[in-house]
>>> print(open('my_file-v4.txt').read())   # compact mmCIF, C-alpha atoms
# COMPACT_ATOMS: atom_id res chain seq x y z
CA MET A 1 -13.41 6.52 -22.24
CA VAL A 2 -11.37 3.41 -21.51
CA VAL A 3 -7.98 3.30 -23.17
CA TRP A 4 -6.69 -0.20 -23.85
CA THR A 5 -3.05 -0.88 -24.64
CA ASP A 6 -2.31 -3.34 -27.44
CA PHE A 7 -1.05 -5.77 -24.84
CA GLU A 8 -4.32 -5.53 -22.88
CA ARG A 9 -6.47 -6.01 -25.98
CA THR A 10 -4.53 -9.03 -27.20
CA THR A 11 -4.36 -10.53 -23.72
CA ILE A 12 -8.12 -10.37 -23.16
CA GLN A 13 -8.92 -11.73 -26.64
CA ASP A 14 -6.36 -14.47 -26.09
CA ILE A 15 -7.72 -15.57 -22.72
CA PHE A 16 -11.28 -15.77 -24.00
CA SER A 17 -10.24 -17.69 -27.09
CA LYS A 18 -8.43 -20.27 -24.93
CA ILE A 19 -11.07 -20.99 -22.28
CA ASP A 20 -14.06 -23.33 -22.53
CA TYR A 21 -17.08 -21.21 -21.56
CA ALA A 22 -19.07 -24.12 -20.16
CA VAL A 23 -16.19 -25.35 -17.99
CA VAL A 24 -14.92 -21.97 -16.77
CA GLY A 25 -18.43 -20.54 -16.36
CA GLN A 26 -19.56 -23.47 -14.24
CA ALA A 27 -16.36 -23.42 -12.19
CA ALA A 28 -16.40 -19.67 -11.53
CA PHE A 29 -20.09 -19.37 -10.77
CA SER A 30 -20.20 -22.44 -8.51
CA ARG A 31 -17.08 -21.20 -6.73
CA CYS A 32 -18.81 -17.85 -6.12
CA LEU A 33 -21.89 -19.54 -4.63
CA THR A 34 -19.63 -21.70 -2.42
CA VAL A 35 -17.07 -19.14 -1.25
CA TYR A 36 -19.57 -16.28 -0.85
CA PRO A 37 -22.75 -18.12 0.13
CA TRP A 38 -24.81 -14.93 0.54
CA THR A 39 -24.76 -14.67 -3.27
CA GLN A 40 -27.16 -17.62 -3.26
CA ARG A 41 -29.91 -15.19 -2.31
CA TYR A 42 -30.47 -14.39 -5.97
CA PHE A 43 -30.86 -18.01 -7.03
CA GLY A 44 -33.71 -19.39 -4.94
CA GLN A 45 -35.14 -21.08 -8.02
CA PHE A 46 -31.97 -23.07 -8.71
CA GLY A 47 -32.86 -25.93 -6.37
CA ASN A 48 -30.26 -27.66 -4.21
CA LEU A 49 -27.42 -25.31 -3.18
CA TYR A 50 -26.97 -26.78 0.30
CA ASN A 51 -23.29 -27.59 0.13
CA ALA A 52 -20.27 -27.40 -2.16
CA ALA A 53 -20.96 -30.83 -3.67
CA ALA A 54 -24.59 -29.96 -4.43
CA ILE A 55 -23.57 -26.65 -6.02
CA ALA A 56 -20.83 -28.34 -8.07
CA SER A 57 -23.26 -30.89 -9.55
CA ASN A 58 -26.24 -28.55 -9.99
CA PRO A 59 -27.19 -28.37 -13.70
CA LYS A 60 -28.87 -24.94 -13.37
CA VAL A 61 -25.66 -23.55 -11.89
CA ALA A 62 -23.67 -24.97 -14.81
CA ALA A 63 -26.11 -23.56 -17.35
CA HIS A 64 -26.04 -20.13 -15.76
CA GLY A 65 -22.25 -20.15 -15.62
CA LYS A 66 -22.21 -20.52 -19.39
CA VAL A 67 -24.75 -17.68 -19.77
CA ILE A 68 -22.44 -15.40 -17.79
CA MET A 69 -19.42 -16.27 -19.96
CA GLU A 70 -21.41 -15.65 -23.15
CA ALA A 71 -22.42 -12.25 -21.76
CA LEU A 72 -18.77 -11.45 -21.01
CA GLU A 73 -17.88 -12.38 -24.56
CA LYS A 74 -20.02 -9.47 -25.78
CA ALA A 75 -17.64 -7.12 -23.98
CA VAL A 76 -14.59 -8.92 -25.39
CA LYS A 77 -15.95 -8.56 -28.94
CA ASP A 78 -16.38 -4.79 -28.57
CA MET A 79 -13.93 -3.59 -25.97
CA ASP A 80 -14.34 0.07 -26.86
CA ASN A 81 -18.07 0.08 -26.15
CA ILE A 82 -18.50 -1.96 -23.01
CA LYS A 83 -20.64 0.67 -21.28
CA ALA A 84 -23.14 0.73 -24.15
CA THR A 85 -23.04 -3.06 -24.53
CA TYR A 86 -24.10 -3.53 -20.92
CA ALA A 87 -26.65 -0.71 -20.57
CA GLU A 88 -29.57 -3.13 -20.80
CA LEU A 89 -27.96 -5.77 -18.60
CA SER A 90 -27.20 -3.10 -16.02
CA ALA A 91 -30.82 -1.97 -15.90
CA LEU A 92 -31.88 -5.62 -15.65
CA HIS A 93 -29.58 -6.30 -12.68
CA SER A 94 -30.66 -3.11 -10.98
CA GLU A 95 -34.40 -2.97 -11.57
CA LYS A 96 -35.55 -6.54 -12.08
CA LEU A 97 -32.96 -8.77 -10.39
CA GLN A 98 -32.04 -6.23 -7.71
CA VAL A 99 -28.53 -7.54 -7.25
CA ASP A 100 -26.28 -5.66 -4.82
CA PRO A 101 -23.57 -4.38 -7.19
CA ASP A 102 -20.84 -5.14 -4.64
CA ASN A 103 -21.44 -8.78 -5.58
CA PHE A 104 -20.20 -8.27 -9.14
CA MET A 105 -16.55 -8.22 -8.14
CA LEU A 106 -17.02 -11.30 -5.94
CA LEU A 107 -17.88 -13.22 -9.11
CA GLY A 108 -15.03 -11.40 -10.85
CA ASP A 109 -12.56 -12.59 -8.20
CA CYS A 110 -13.74 -16.19 -8.56
CA LEU A 111 -13.44 -15.97 -12.34
CA THR A 112 -9.88 -14.65 -11.94
CA ILE A 113 -9.01 -17.62 -9.73
CA VAL A 114 -10.48 -20.14 -12.18
CA VAL A 115 -8.69 -18.56 -15.16
CA ALA A 116 -5.49 -18.50 -13.10
CA SER A 117 -5.75 -22.20 -12.33
CA GLN A 118 -6.40 -22.96 -16.02
CA LEU A 119 -3.52 -20.88 -17.37
CA GLY A 120 -1.02 -21.57 -14.57
CA LYS A 121 2.35 -19.91 -15.18
CA ALA A 122 0.96 -18.19 -18.30
CA PHE A 123 -1.24 -16.09 -16.00
CA THR A 124 1.62 -13.71 -15.25
CA ALA A 125 1.25 -10.55 -13.16
CA GLU A 126 0.92 -8.50 -16.36
CA VAL A 127 -1.77 -10.79 -17.81
CA HIS A 128 -3.51 -10.74 -14.42
CA ALA A 129 -3.43 -6.92 -14.40
CA ALA A 130 -5.00 -6.77 -17.87
CA PHE A 131 -7.71 -9.21 -16.82
CA GLN A 132 -8.38 -7.23 -13.63
CA LYS A 133 -8.74 -4.02 -15.65
CA PHE A 134 -11.20 -5.74 -18.01
CA LEU A 135 -13.27 -6.97 -15.06
CA ALA A 136 -13.21 -3.51 -13.46
CA VAL A 137 -14.59 -1.99 -16.68
CA VAL A 138 -17.28 -4.68 -16.92
CA VAL A 139 -18.31 -4.16 -13.27
CA SER A 140 -18.33 -0.38 -13.67
CA SER A 141 -20.57 -0.68 -16.74
CA LEU A 142 -22.93 -3.00 -14.90
CA ARG A 143 -23.15 -0.47 -12.08
CA LYS A 144 -23.99 2.44 -14.41
CA GLN A 145 -27.77 2.07 -14.47
CA TYR A 146 -28.15 1.78 -10.70
CA TYR A 147 -29.66 4.77 -9.00
CA MET B 1 -16.99 -11.77 10.73
CA THR B 2 -17.56 -15.52 11.07
CA SER B 3 -15.17 -17.55 13.22
CA LEU B 4 -13.33 -20.57 11.88
CA SER B 5 -15.01 -23.95 12.38
CA ALA B 6 -12.99 -27.05 13.23
CA LYS B 7 -13.47 -28.14 9.63
CA ASP B 8 -12.11 -24.80 8.35
CA LYS B 9 -9.04 -25.08 10.56
CA ASN B 10 -8.31 -28.64 9.47
CA THR B 11 -8.78 -27.75 5.81
CA VAL B 12 -6.39 -24.80 6.16
CA LYS B 13 -3.74 -26.84 8.00
CA ALA B 14 -3.92 -29.72 5.51
CA PHE B 15 -3.72 -27.42 2.48
CA TRP B 16 -0.97 -25.21 3.94
CA ALA B 17 1.17 -28.31 4.55
CA LYS B 18 1.41 -28.65 0.75
CA VAL B 19 2.97 -25.18 0.55
CA ALA B 20 6.10 -26.38 2.37
CA GLY B 21 9.17 -25.80 0.23
CA LYS B 22 7.36 -23.44 -2.14
CA GLU B 23 7.03 -20.48 0.25
CA GLU B 24 9.58 -18.26 -1.48
CA GLN B 25 8.14 -18.79 -4.96
CA ILE B 26 4.57 -18.25 -3.79
CA GLY B 27 5.34 -15.25 -1.57
CA CYS B 28 7.37 -13.53 -4.28
CA ASP B 29 4.65 -14.08 -6.88
CA ALA B 30 1.89 -12.86 -4.53
CA VAL B 31 3.67 -9.61 -3.66
CA SER B 32 4.79 -9.03 -7.28
CA ARG B 33 1.25 -9.56 -8.46
CA MET B 34 -0.20 -7.24 -5.82
CA LEU B 35 2.14 -4.40 -6.82
CA THR B 36 1.39 -4.92 -10.53
CA VAL B 37 -2.36 -5.50 -10.44
CA TYR B 38 -3.17 -3.04 -7.61
CA PRO B 39 -0.63 -0.26 -8.12
CA GLN B 40 -2.01 1.76 -5.21
CA THR B 41 -0.23 -0.73 -2.92
CA LYS B 42 3.12 0.51 -4.21
CA THR B 43 2.65 3.61 -2.08
CA TYR B 44 3.70 1.61 0.98
CA PHE B 45 7.04 0.63 -0.50
CA SER B 46 8.50 3.92 -1.72
CA HIS B 47 11.58 3.14 0.36
CA TRP B 48 12.48 0.14 -1.84
CA LYS B 49 15.02 0.62 -4.60
CA ASP B 50 13.25 -1.76 -6.95
CA LEU B 51 9.52 -2.46 -7.03
CA SER B 52 9.55 -4.63 -10.14
CA PRO B 53 8.16 -8.19 -10.01
CA GLY B 54 10.72 -10.65 -8.65
CA SER B 55 13.17 -7.97 -7.50
CA ALA B 56 15.27 -8.54 -4.37
CA PRO B 57 13.11 -6.44 -1.98
CA VAL B 58 9.94 -8.02 -3.40
CA ARG B 59 11.36 -11.52 -3.01
CA LYS B 60 12.46 -10.78 0.56
CA HIS B 61 9.10 -9.33 1.50
CA GLY B 62 7.28 -12.28 -0.04
CA ALA B 63 9.28 -14.57 2.20
CA THR B 64 8.47 -12.41 5.25
CA VAL B 65 4.76 -12.49 4.49
CA MET B 66 4.72 -16.26 3.92
CA ALA B 67 6.60 -16.91 7.16
CA ALA B 68 3.99 -14.81 8.98
CA VAL B 69 1.10 -16.70 7.37
CA THR B 70 2.72 -20.04 8.23
CA ASP B 71 3.07 -18.79 11.80
CA ALA B 72 -0.60 -17.73 11.78
CA VAL B 73 -1.59 -21.26 10.70
CA SER B 74 0.19 -22.63 13.76
CA LYS B 75 -1.66 -20.10 15.92
CA ILE B 76 -4.99 -20.67 14.24
CA ASP B 77 -6.76 -21.26 17.55
CA ASP B 78 -5.92 -17.78 18.81
CA LEU B 79 -5.07 -15.43 15.98
CA THR B 80 -5.72 -12.25 17.97
CA GLY B 81 -3.29 -13.29 20.71
CA GLY B 82 -0.80 -14.85 18.33
CA LEU B 83 -0.61 -11.85 15.98
CA LEU B 84 -0.63 -9.15 18.65
CA SER B 85 2.82 -7.74 17.99
CA LEU B 86 2.28 -7.86 14.21
CA SER B 87 -0.94 -5.96 14.72
CA GLU B 88 0.88 -3.29 16.72
CA LEU B 89 3.52 -3.04 13.98
CA HIS B 90 0.90 -2.57 11.24
CA ALA B 91 -1.19 -0.18 13.35
CA PHE B 92 1.43 2.14 14.80
CA THR B 93 4.48 1.87 12.59
CA LEU B 94 3.45 0.75 9.11
CA ARG B 95 -0.06 2.21 9.22
CA VAL B 96 -1.27 0.13 6.29
CA ASP B 97 -4.91 0.81 5.44
CA PRO B 98 -6.57 -2.48 6.48
CA ALA B 99 -8.47 -2.61 3.16
CA ASN B 100 -5.17 -3.65 1.63
CA PHE B 101 -5.04 -6.89 3.67
CA LYS B 102 -7.89 -8.13 1.49
CA VAL B 103 -5.97 -7.16 -1.63
CA LEU B 104 -2.86 -9.14 -0.64
CA ALA B 105 -5.03 -12.07 0.44
CA HIS B 106 -6.72 -12.15 -2.97
CA ASN B 107 -3.39 -12.14 -4.77
CA LEU B 108 -2.14 -14.95 -2.55
CA LEU B 109 -5.24 -17.00 -3.42
CA VAL B 110 -4.67 -16.38 -7.14
CA VAL B 111 -1.08 -17.65 -6.84
CA LEU B 112 -2.24 -20.71 -4.90
CA ALA B 113 -4.72 -21.39 -7.71
CA THR B 114 -1.91 -21.33 -10.28
CA VAL B 115 0.41 -23.54 -8.19
CA PHE B 116 -2.23 -26.01 -6.96
CA PRO B 117 -4.93 -26.06 -9.67
CA ASN B 118 -6.34 -29.39 -8.50
CA ASP B 119 -5.97 -28.99 -4.72
CA PHE B 120 -7.37 -25.46 -4.54
CA THR B 121 -10.97 -26.66 -4.68
CA PRO B 122 -13.95 -24.43 -3.81
CA GLU B 123 -14.00 -25.99 -0.31
CA VAL B 124 -10.32 -25.20 0.24
CA HIS B 125 -10.84 -21.75 -1.27
CA VAL B 126 -13.61 -20.82 1.18
CA ALA B 127 -11.63 -22.09 4.17
CA MET B 128 -8.51 -20.18 3.07
CA ASP B 129 -10.53 -17.04 2.34
CA LYS B 130 -12.10 -17.21 5.81
CA PHE B 131 -8.69 -17.84 7.39
CA LEU B 132 -7.01 -14.91 5.63
CA ALA B 133 -9.96 -12.69 6.58
CA ALA B 134 -9.49 -13.79 10.20
CA VAL B 135 -5.76 -13.01 9.95
CA ALA B 136 -6.59 -9.57 8.53
CA HIS B 137 -9.03 -9.01 11.35
CA ALA B 138 -6.40 -9.95 13.95
CA LEU B 139 -3.94 -7.59 12.25
CA SER B 140 -6.48 -4.75 12.47
CA GLU B 141 -7.16 -5.24 16.18
CA LYS B 142 -4.73 -2.59 17.42
CA TYR B 143 -5.67 0.08 14.89
CA ARG B 144 -8.27 1.92 16.95
>>> encode(input="my_file-v4.txt", output="structure tokens")
Amino acid sequence: MVVWTDFERTTIQDIFSKIDYAVVGQAAFSRCLTVYPWTQRYFGQFGNLYNAAAIASNPKVAAHGKVIMEALEKAVKDMDNIKATYAELSALHSEKLQVDPDNFMLLGDCLTIVVASQLGKAFTAEVHAAFQKFLAVVVSSLRKQYY
Amino acid sequence: MTSLSAKDKNTVKAFWAKVAGKEEQIGCDAVSRMLTVYPQTKTYFSHWKDLSPGSAPVRKHGATVMAAVTDAVSKIDDLTGGLLSLSELHAFTLRVDPANFKVLAHNLLVVLATVFPNDFTPEVHVAMDKFLAAVAHALSEKYR
């Protein structure tokens, strides 16, 4: 059972209320595909991912970035039940998509970097720690249904 | 582990030039962040009086780390040779688990993203990530 401090709860709600899902989603997901190119293996149907410029202007990448952020919002809206919230998504990633779960934190790291660049000084070490904890819980929940 | 292309090296050198003058601020923030966000790293600094963000030992260590990274940039064509004595220090004296190099690198990248939101593009990010991984690899050379 995850225990959230008041600070952590408010911080996570605050971050997600401030960011534009389309912008941050596109930036984080395209960064992941650029910085960790082996993650492209799951997106063969996305078309041109040949270089950073192609990834940055790819509309399917942008659309999927937004999908990811909307999925994260589900966890933000019910922080005490993240494991249950993601049970189906976990099974999907494991059985149908067959994504190596080590990749989840690669996307998490890119999202952290994008949020950091958006918030600047406001992304203090304490805010960063809260965000990291949130991502760790999300990743752990997504890993649950793997066997 | 992929080696650095000429393009990677040029990207790293050009980006790192922008860091000049901000080393102390960036180094201090990176180390503070690492200790806060990844508390397991505090175990290496039990000899410090004060482990809080921005404290004197943290600030000093941030400066040490940044000076070493700046040095590594200048030795980018031969990191293994250039970082030999640092590798021996980390392997035999400090005995830092090499997994932690990645942790510090990540925190450094996060700080760079806050300080240079426009310059820290995905292309710069991948070059810096590769460079820091190469530095970590060079630091691990003497371990076993």
>>> closest_atom_pairs(input="my_file-v4.txt", of="segment 40-78 of chain B", to="segment 92-111 of chain B", cutoff="12 Å", atoms="all atoms listed in the file", output="CSV")
residue,atom,partner,partner_atom,distance
B:Gln40,CA,B:Asn100,CA,9.3
B:Thr41,CA,B:Asn100,CA,7.3
B:Lys42,CA,B:Asn100,CA,11.0
B:Thr43,CA,B:Val96,CA,9.9
B:Tyr44,CA,B:Val96,CA,7.4
B:Phe45,CA,B:Leu94,CA,10.3
B:Gly62,CA,B:Leu108,CA,10.1
B:Val65,CA,B:Leu104,CA,9.8
B:Met66,CA,B:Leu108,CA,9.5
B:Val69,CA,B:Ala105,CA,10.3
>>> closest_atom_pairs(input="my_file-v4.txt", of="chain A", to="chain B", cutoff="7 Å", atoms="only C-alpha atoms", output="Markdown table")
| residue | atom | partner | partner_atom | distance |
| --- | --- | --- | --- | --- |
| A:Arg31 | CA | B:Pro122 | CA | 5.4 |
| A:Thr34 | CA | B:Pro122 | CA | 6.5 |
| A:Val35 | CA | B:Val126 | CA | 4.5 |
| A:Ala52 | CA | B:Glu123 | CA | 6.7 |
| A:Ile113 | CA | B:Val110 | CA | 5.2 |
| A:Ala116 | CA | B:Thr114 | CA | 5.4 |
| A:Ser117 | CA | B:Thr114 | CA | 4.4 |
| A:Gly120 | CA | B:Thr114 | CA | 4.4 |
| A:Lys121 | CA | B:Thr114 | CA | 6.6 |
| A:Ala125 | CA | B:Arg33 | CA | 4.8 |
| A:Glu126 | CA | B:Thr36 | CA | 6.9 |
| A:His128 | CA | B:Val37 | CA | 6.7 |
| A:Ala129 | CA | B:Val37 | CA | 4.3 |
>>> atom_distance(input="my_file-v4.txt", atom1="atom CA of Ala56 of chain A", atom2="atom CA of Asp8 of chain B")
18.9 Å
>>> atom_distance(input="my_file-v4.txt", atom1="atom CA of Glu23 of chain B", atom2="atom CA of Asp119 of chain B")
16.3 Å
>>> atom_distance(input="my_file-v4.txt", atom1="atom CA of Asn51 of chain A", atom2="atom CA of Leu135 of chain A")
27.5 Å
>>> closest_residue(input="my_file-v4.txt", among="B:Ser3, B:Gly21, B:Leu139, B:His90", to="Ala67 of chain B", atoms="only C-alpha atoms")
B:Gly21
>>> residues_near_point(input="my_file-v4.txt", point="(-8.6, -6.6, -27.9)", cutoff="12 Å", atoms="only C-alpha atoms", output="list in words")
Val3, Trp4, Thr5, Asp6, Phe7, Glu8, Arg9, Thr10, Thr11, Ile12, Gln13, Asp14, Ile15, Phe16, Ser17, Glu73, Lys74, Ala75, Val76, Lys77, Asp78, Met79, Asp80, Asn81, Ile82, Ala130, Phe131 and Phe134 of chain A
>>> closest_residue(input="my_file-v4.txt", among="A:Phe29, A:Lys144, A:Asn103, A:Ala22", to="Ala87 of chain A", atoms="only C-alpha atoms")
A:Lys144
>>> residues_around(input="my_file-v4.txt", residues="Gly47 of chain A", least_positions_apart="4", cutoff="12 Å", atoms="only C-alpha atoms", output="MDAnalysis selection string")
chainID A and resid 40:43 51 54:55 57:61
>>> closest_residue(input="my_file-v4.txt", among="B:Ser74, B:Ala133, B:Lys22, B:Ala63", to="Asn10 of chain B", atoms="all atoms listed in the file")
B:Ser74
>>> closest_residue(input="my_file-v4.txt", among="B:Ile26, B:Gly82, B:Leu89, B:Thr70", to="Val58 of chain B", atoms="only C-alpha atoms")
B:Ile26
>>> closest_residue(input="my_file-v4.txt", among="A:Thr39, A:Cys110, A:Tyr21, A:Asp100", to="Lys66 of chain A", atoms="all atoms listed in the file")
A:Tyr21
